[in-house]
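Coordinates as given in structure.txt (compact mmCIF, C-alpha atoms and all ligand atoms):
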```txt
# COMPACT_ATOMS: atom_id res chain seq x y z
CA MET A 1334 -35.34 -4.17 -10.01
CA THR A 1335 -34.65 -5.23 -13.53
CA THR A 1336 -31.34 -4.60 -15.10
CA PHE A 1337 -29.57 -5.91 -18.15
CA ARG A 1338 -26.38 -4.05 -17.55
CA ASP A 1339 -23.12 -5.91 -17.33
CA ASP A 1340 -21.82 -3.70 -14.54
CA THR A 1341 -24.42 -2.99 -11.89
CA ALA A 1342 -21.78 -1.48 -9.61
CA SER A 1343 -21.32 1.55 -11.84
CA HIS A 1344 -24.51 2.17 -13.78
CA PRO A 1345 -28.05 3.06 -12.75
CA SER A 1346 -30.62 0.29 -12.89
CA LEU A 1347 -32.81 0.57 -15.97
CA ASP A 1348 -35.84 0.29 -13.69
CA TYR A 1349 -35.52 2.50 -10.62
CA PRO A 1350 -38.69 2.92 -8.51
CA GLY A 1351 -38.08 6.54 -7.50
CA TYR A 1352 -37.50 7.60 -11.11
CA LYS A 1353 -41.03 6.98 -12.29
CA SER A 1354 -40.66 7.03 -16.07
CA THR A 1355 -38.11 4.19 -16.00
CA ALA A 1356 -41.04 1.84 -15.34
CA LEU A 1357 -42.47 2.77 -18.75
CA ARG A 1358 -39.38 2.29 -20.84
CA HIS A 1359 -37.09 -0.34 -19.42
CA PRO A 1360 -36.98 -3.68 -21.28
CA LYS A 1361 -39.25 -6.29 -19.74
CA GLN A 1362 -37.90 -9.22 -21.74
CA PRO A 1363 -34.36 -10.52 -21.96
CA LEU A 1364 -32.40 -8.72 -24.64
CA ILE A 1365 -31.75 -10.50 -27.93
CA ALA A 1366 -28.30 -10.20 -29.45
CA LEU A 1367 -28.47 -9.32 -33.14
CA PRO A 1368 -25.57 -9.77 -35.56
CA HIS A 1369 -23.84 -6.56 -36.46
CA ARG A 1370 -24.18 -5.70 -40.12
CA LEU A 1371 -23.00 -2.73 -42.13
CA THR A 1372 -25.29 -0.29 -40.34
CA GLU A 1373 -23.96 -1.31 -36.97
CA VAL A 1374 -20.25 -1.38 -37.73
CA THR A 1375 -19.93 1.76 -39.81
CA ALA A 1376 -19.16 5.06 -38.19
CA PRO A 1377 -20.12 8.67 -38.65
CA VAL A 1378 -17.60 10.61 -40.71
CA LEU A 1379 -16.52 13.60 -38.70
CA PRO A 1380 -13.90 15.67 -40.47
CA GLU A 1381 -12.91 18.97 -38.88
CA SER A 1382 -14.84 20.72 -41.62
CA ARG A 1383 -18.08 19.42 -40.14
CA PHE A 1384 -17.58 21.56 -37.05
CA GLY A 1385 -18.22 25.25 -36.72
CA GLU A 1386 -15.59 27.40 -35.07
CA LEU A 1387 -17.90 28.08 -32.11
CA ASP A 1388 -19.56 24.68 -31.70
CA HIS A 1389 -17.70 24.18 -28.40
CA ASP A 1390 -18.49 27.70 -27.13
CA LEU A 1391 -22.11 27.94 -26.00
CA THR A 1392 -21.60 31.58 -24.97
CA ARG A 1393 -20.94 32.83 -28.49
CA GLN A 1394 -23.61 31.22 -30.64
CA HIS A 1395 -25.86 34.31 -30.79
CA ASP A 1396 -25.54 38.06 -31.25
CA GLY A 1397 -25.39 38.73 -27.53
CA GLU A 1398 -24.06 36.91 -24.50
CA PRO A 1399 -26.18 34.57 -22.43
CA ILE A 1400 -27.05 35.47 -18.85
CA GLY A 1401 -25.24 33.43 -16.23
CA GLN A 1402 -21.93 32.44 -14.72
CA ARG A 1403 -19.40 31.60 -17.43
CA ILE A 1404 -17.72 28.24 -16.87
CA ILE A 1405 -15.13 26.15 -18.67
CA VAL A 1406 -16.02 22.45 -18.65
CA HIS A 1407 -13.08 20.26 -19.56
CA GLY A 1408 -11.61 16.82 -19.10
CA HIS A 1409 -10.30 13.68 -20.74
CA VAL A 1410 -12.04 10.68 -22.27
CA LYS A 1411 -10.11 7.61 -21.14
CA GLU A 1412 -9.99 3.85 -21.42
CA ASP A 1413 -9.94 1.80 -18.21
CA ASP A 1414 -6.14 1.79 -18.15
CA GLY A 1415 -5.94 5.56 -18.51
CA ARG A 1416 -5.18 5.57 -22.22
CA PRO A 1417 -6.68 8.64 -23.92
CA VAL A 1418 -9.52 8.22 -26.41
CA PRO A 1419 -8.80 10.66 -29.25
CA ASN A 1420 -11.07 11.80 -32.09
CA THR A 1421 -14.28 11.09 -30.19
CA LEU A 1422 -17.35 13.22 -30.77
CA VAL A 1423 -18.48 14.77 -27.47
CA GLU A 1424 -21.86 16.49 -27.51
CA VAL A 1425 -23.48 18.43 -24.67
CA TRP A 1426 -26.90 19.88 -23.99
CA GLN A 1427 -28.11 21.79 -20.97
CA ALA A 1428 -30.63 24.19 -19.46
CA ASN A 1429 -29.93 27.92 -19.29
CA ALA A 1430 -28.98 29.79 -16.11
CA GLY A 1431 -32.63 29.83 -15.05
CA GLY A 1432 -33.01 26.08 -15.49
CA ARG A 1433 -35.01 26.27 -18.74
CA TYR A 1434 -34.35 24.21 -21.86
CA ARG A 1435 -35.00 25.55 -25.31
CA HIS A 1436 -37.27 22.58 -25.95
CA GLN A 1437 -40.90 22.35 -26.98
CA VAL A 1438 -41.98 20.34 -23.94
CA ASP A 1439 -40.16 22.53 -21.43
CA ASN A 1440 -42.66 25.21 -20.49
CA TRP A 1441 -42.19 25.80 -16.79
CA PRO A 1442 -42.26 29.53 -15.89
CA SER A 1443 -38.58 30.36 -16.11
CA PRO A 1444 -37.50 32.64 -18.97
CA LEU A 1445 -35.81 31.49 -22.13
CA ASP A 1446 -32.55 33.26 -22.91
CA PRO A 1447 -32.48 34.57 -26.50
CA ASN A 1448 -28.70 34.27 -26.46
CA PHE A 1449 -28.48 30.68 -25.32
CA SER A 1450 -29.40 27.54 -27.25
CA GLY A 1451 -27.82 25.09 -24.82
CA GLY A 1452 -26.15 22.72 -27.29
CA GLY A 1453 -22.50 22.21 -28.17
CA ARG A 1454 -20.07 19.67 -29.56
CA THR A 1455 -16.38 19.04 -30.00
CA ILE A 1456 -13.89 16.29 -30.83
CA THR A 1457 -11.33 15.01 -28.34
CA ASP A 1458 -7.76 15.84 -29.30
CA ASP A 1459 -4.81 13.43 -29.47
CA HIS A 1460 -4.74 13.33 -25.65
CA GLY A 1461 -8.46 12.56 -25.35
CA TYR A 1462 -9.01 16.10 -24.11
CA PHE A 1463 -12.19 18.12 -24.57
CA ARG A 1464 -13.12 21.64 -23.53
CA PHE A 1465 -16.34 23.64 -23.62
CA LEU A 1466 -17.14 27.20 -22.67
CA THR A 1467 -20.69 27.64 -21.42
CA ILE A 1468 -22.73 29.07 -18.55
CA ARG A 1469 -23.59 27.22 -15.38
CA PRO A 1470 -27.04 25.65 -15.79
CA GLY A 1471 -29.76 26.23 -13.22
CA ALA A 1472 -31.80 23.62 -11.36
CA TYR A 1473 -35.30 22.92 -12.63
CA PRO A 1474 -38.50 21.21 -11.44
CA TRP A 1475 -39.64 18.06 -13.25
CA ARG A 1476 -42.81 16.76 -11.53
CA ASN A 1477 -41.44 13.26 -10.87
CA HIS A 1478 -42.62 13.60 -7.26
CA PRO A 1479 -43.89 16.53 -5.16
CA ASN A 1480 -41.47 19.46 -5.35
CA ALA A 1481 -38.97 17.47 -7.40
CA TRP A 1482 -35.94 19.43 -8.64
CA ARG A 1483 -33.06 18.26 -10.80
CA PRO A 1484 -29.61 19.21 -9.51
CA ALA A 1485 -27.71 21.38 -11.99
CA HIS A 1486 -26.26 19.13 -14.68
CA ILE A 1487 -24.96 18.98 -18.22
CA HIS A 1488 -25.95 16.09 -20.49
CA PHE A 1489 -23.11 14.42 -22.40
CA SER A 1490 -23.16 12.07 -25.38
CA LEU A 1491 -20.10 10.28 -26.73
CA PHE A 1492 -19.91 8.55 -30.07
CA GLY A 1493 -17.54 5.66 -30.51
CA ARG A 1494 -16.23 4.12 -33.69
CA ALA A 1495 -19.63 2.95 -34.94
CA PHE A 1496 -23.17 4.28 -34.95
CA THR A 1497 -24.14 1.73 -32.29
CA GLN A 1498 -21.41 2.91 -29.94
CA ARG A 1499 -23.01 5.81 -28.16
CA LEU A 1500 -22.82 6.59 -24.45
CA VAL A 1501 -25.05 9.11 -22.71
CA THR A 1502 -24.52 10.48 -19.23
CA GLN A 1503 -24.83 13.58 -17.05
CA MET A 1504 -22.20 15.71 -15.37
CA TYR A 1505 -23.06 17.26 -12.01
CA PHE A 1506 -21.49 20.05 -9.95
CA PRO A 1507 -19.79 19.62 -6.55
CA ASP A 1508 -21.79 19.86 -3.33
CA ASP A 1509 -25.20 20.33 -4.91
CA PRO A 1510 -27.83 20.39 -2.12
CA LEU A 1511 -30.35 18.73 -4.45
CA PHE A 1512 -28.49 15.42 -4.86
CA GLY A 1513 -30.31 13.59 -2.06
CA GLN A 1514 -33.83 14.13 -3.41
CA ASP A 1515 -33.06 13.43 -7.07
CA PRO A 1516 -33.81 9.83 -8.06
CA ILE A 1517 -31.90 10.18 -11.33
CA PHE A 1518 -28.77 10.94 -9.33
CA THR A 1519 -29.50 8.43 -6.58
CA SER A 1520 -30.22 5.69 -9.14
CA ILE A 1521 -26.46 5.63 -9.64
CA PRO A 1522 -24.95 3.08 -7.24
CA ALA A 1523 -23.69 4.96 -4.18
CA ALA A 1524 -20.06 3.96 -4.67
CA ALA A 1525 -20.06 5.30 -8.24
CA ARG A 1526 -21.86 8.63 -7.70
CA HIS A 1527 -18.69 10.66 -7.21
CA ARG A 1528 -17.67 9.72 -10.76
CA ALA A 1529 -20.63 11.71 -12.10
CA ILE A 1530 -19.61 14.88 -10.24
CA SER A 1531 -17.15 17.35 -11.70
CA ARG A 1532 -14.55 19.05 -9.56
CA PHE A 1533 -13.75 22.72 -9.40
CA SER A 1534 -10.41 23.34 -11.10
CA LEU A 1535 -8.92 26.67 -10.10
CA ASP A 1536 -5.91 26.12 -12.35
CA ARG A 1537 -8.13 26.13 -15.44
CA THR A 1538 -10.23 29.15 -14.56
CA GLN A 1539 -9.75 32.12 -16.85
CA ASP A 1540 -8.78 35.24 -14.98
CA ASN A 1541 -11.49 37.88 -14.99
CA TRP A 1542 -13.63 35.71 -17.29
CA ALA A 1543 -14.74 32.20 -16.34
CA LEU A 1544 -14.68 29.55 -13.59
CA ALA A 1545 -13.71 25.99 -14.50
CA PHE A 1546 -14.89 22.47 -13.73
CA GLU A 1547 -13.04 19.30 -14.69
CA TRP A 1548 -14.67 15.99 -15.42
CA ASP A 1549 -12.99 12.89 -16.83
CA ILE A 1550 -15.08 10.30 -18.64
CA VAL A 1551 -13.86 6.71 -18.25
CA LEU A 1552 -15.36 4.22 -20.70
CA ARG A 1553 -14.70 0.92 -18.92
CA GLY A 1554 -13.29 -0.71 -15.82
CA THR A 1555 -13.68 -0.22 -12.10
CA GLU A 1556 -13.58 3.56 -12.39
CA GLN A 1557 -15.95 3.85 -15.32
CA THR A 1558 -18.34 6.74 -15.58
CA PRO A 1559 -21.99 5.85 -14.87
CA PHE A 1560 -23.92 5.82 -18.14
CA GLU A 1561 -27.61 6.05 -18.92
CA THR A 1562 -29.47 4.25 -21.63
CA ASP A 1563 -29.09 5.92 -25.00
CA ASP A 1564 -32.82 6.24 -25.56
CA ASP A 1565 -33.48 8.65 -22.73
CA GLY A 1566 -35.18 11.19 -24.91
CA ASP A 1567 -36.76 13.38 -22.28
CA VAL A 1568 -35.40 16.67 -21.11
CA ALA A 1569 -34.78 15.67 -17.49
FE FE B 1 -31.55 17.70 -17.98
```
Turn the structure described in the file into structure tokens.
Ligand SMILES: [Fe+2]
Amino acid sequence: MTTFRDDTASHPSLDYPGYKSTALRHPKQPLIALPHRLTEVTAPVLPESRFGELDHDLTRQHDGEPIGQRIIVHGHVKEDDGRPVPNTLVEVWQANAGGRYRHQVDNWPSPLDPNFSGGGRTITDDHGYFRFLTIRPGAYPWRNHPNAWRPAHIHFSLFGRAFTQRLVTQMYFPDDPLFGQDPIFTSIPAAARHRAISRFSLDRTQDNWALAFEWDIVLRGTEQTPFETDDDGDVA
């Protein structure tokens, strides 16, 4: 297996045999370090005014409510020593309750939900905290191998302090029976897989309204969150 990652204990290999499309897109030559110029060291400007009031609430972006189980997804973005990472753009995208993306190449026979787009964003607060309100995504088939199904997951992207600092990963739900047959999940080194799984947090549920799942994102160190490449443009 080829990998150019600096921490193979935490992150998936860029070329993982069971995850077929990795063979088509992983680098086959050693990477070349390029000097960082203005484009690489400048950052997106993200004043509060750039965000809509409901950008973090995927259940209220249309006239009606989406079908599905309401959930609160929350957690902290942290450095390796536990320090919070404030003012970080956190973006999410996900399938609807039936496991269907609102995406032009997703056409498997599960209905679209007219009240669910599946995208949201927020900025971490002074404590590195983020919170989304959404619906629990469904599993979906993806044709990687016979009867292949993705476990329910939410895609996350984090921007750092420059355009080149972007991390992409997926959050999973506890005890999903589909973990063992999913090569995207199993491409994460076994000892690091639990870091990609959220935990149910009863204390953050909203009475008579929504369940809650907590997931902390750690940028570096021995407890760092497993990250994907940032060019994983498919909908899996
Ligand atoms: Fe996905």
**Study point:** Pick from A:Ser1382, A:Ser1354, A:Ser1343, A:Asn1429 nearest to ligand FE 1 (chain B), counting only C-alpha atoms and all ligand atoms
**Key:** A:Asn1429
Practice item. Could you pull out the residues sitting within 9 Å of ligand FE 1 (chain B), using all atoms listed in the file, and write them as an MDAnalysis selection string? Key: chainID A and resid 1426:1428 1432 1434 1472:1473 1483:1488 1503 1567:1569
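Atom CA of Asp1508 of chain A lies 28.3 Å from atom CA of Arg1393 of chain A.
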Exercise for review: Just give me the residues with any atom within 10 Å of (-7.5, 23.2, -14.4), file coordinates, counting only C-alpha atoms, written as a ChimeraX atom specification.
Suggested key: /A:1405-1408,1532-1539,1544-1547
List every residue of segment 1344-1396 of chain A that has an atom at most 8 Å from any atom of segment 1509-1523 of chain A, giving for each one its closest atom pair and the distance in Å to one decimal, counting all atoms listed in the file, sorted by chain and then by ascending residue number, as a Markdown table.
```
| residue | atom | partner | partner_atom | distance |
| --- | --- | --- | --- | --- |
| A:His1344 | CA | A:Ile1521 | CA | 5.7 |
| A:Pro1345 | CA | A:Ile1521 | CA | 4.3 |
| A:Ser1346 | CA | A:Ser1520 | CA | 6.6 |
| A:Tyr1349 | CA | A:Ser1520 | CA | 6.4 |
| A:Gly1351 | CA | A:Pro1516 | CA | 5.4 |
| A:Tyr1352 | CA | A:Pro1516 | CA | 5.3 |
```
Exercise for review: Counting only C-alpha atoms, write as a PyMOL selection string all protein and nucleic acid residues lying at most 8 Å from (-24.3, 12.6, -25.0) in the file's frame.
Suggested key: chain A and resi 1423-1426+1488-1492+1499-1502
Exercise for review: Skip Arg1435 of chain A itself and residues of its chain fewer than 3 positions away, then list as a count of residues only all residues within 9 Å of it, counting all atoms listed in the file.
Suggested key: 10
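Relative to atom CA of Gln1498 of chain A, atom CA of Leu1552 of chain A is found at 11.1 Å.
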Exercise for review: Excluding Gly1401 of chain A and any residue of its chain fewer than 3 positions from it, enumerate the residues within 10 Å of it, using only C-alpha atoms, and give them as a PyMOL selection string.
Suggested key: chain A and resi 1392+1398+1404+1429-1431+1446+1467-1471
Restricting it to C-alpha atoms, dump the selection as an mmCIF file, keeping the file's coordinate frame.
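Saved to result.cif:
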```cif
data_model
loop_
_atom_site.group_PDB
_atom_site.id
_atom_site.type_symbol
_atom_site.label_atom_id
_atom_site.label_comp_id
_atom_site.auth_asym_id
_atom_site.auth_seq_id
_atom_site.Cartn_x
_atom_site.Cartn_y
_atom_site.Cartn_z
ATOM 1 C CA THR A 1392 -21.600 31.580 -24.970
ATOM 2 C CA GLU A 1398 -24.060 36.910 -24.500
ATOM 3 C CA ILE A 1404 -17.720 28.240 -16.870
ATOM 4 C CA ASN A 1429 -29.930 27.920 -19.290
ATOM 5 C CA ALA A 1430 -28.980 29.790 -16.110
ATOM 6 C CA GLY A 1431 -32.630 29.830 -15.050
ATOM 7 C CA ASP A 1446 -32.550 33.260 -22.910
ATOM 8 C CA THR A 1467 -20.690 27.640 -21.420
ATOM 9 C CA ILE A 1468 -22.730 29.070 -18.550
ATOM 10 C CA ARG A 1469 -23.590 27.220 -15.380
ATOM 11 C CA PRO A 1470 -27.040 25.650 -15.790
ATOM 12 C CA GLY A 1471 -29.760 26.230 -13.220
#
```
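Straight-line separation from atom CA of Asn1477 of chain A to atom CA of Ser1443 of chain A: 18.1 Å.
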Exercise for review: Find the residues around Val1378 of chain A up to 10 Å (all atoms listed in the file counted), leave out those fewer than 3 positions away in its own chain, and share them as a ChimeraX atom specification.
Suggested key: /A:1375,1381,1383,1494-1495
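The shortest atom-to-atom distance to Tyr1505 of chain A, with all atoms listed in the file taken into account, belongs to A:Trp1548 out of A:Trp1482, A:Trp1548, A:Trp1542, A:Phe1560.
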Using all atoms of segment 1483-1487 of chain A listed in the file and a margin of 6 Å per side, can you give the axis-aligned box centre and edge lengths in Å to one decimal, as JSON?
```
{"center_x": -29.0, "center_y": 19.8, "center_z": -13.9, "size_x": 20.1, "size_y": 15.1, "size_z": 20.7}
```
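Proximity to Trp1441 of chain A at 9 Å, evaluated using only C-alpha atoms and with sequence-adjacent residues fewer than 6 positions away removed, yields Arg1433, Tyr1473, Pro1474 and Trp1475 of chain A.
Among A:Gly1452, A:Leu1371, A:Leu1387, A:Glu1561, the residue with the shortest atom-to-atom distance to His1436 of chain A, counting all atoms listed in the file, is A:Gly1452.
In this comparison, which uses all atoms listed in the file, the residue of A:Pro1360, A:Arg1403, A:Asp1396, A:Gly1493 approaching Thr1421 of chain A most closely is A:Gly1493.
The residue that comes closest to His1369 of chain A, out of A:His1527, A:Phe1496, A:Ala1481, A:Pro1507 and on the basis of only C-alpha atoms, is A:Phe1496.
When all atoms listed in the file are used to measure the gap to Lys1361 of chain A, the shortest distance among A:Thr1497, A:Val1374, A:Leu1347, A:Met1504 belongs to A:Leu1347.
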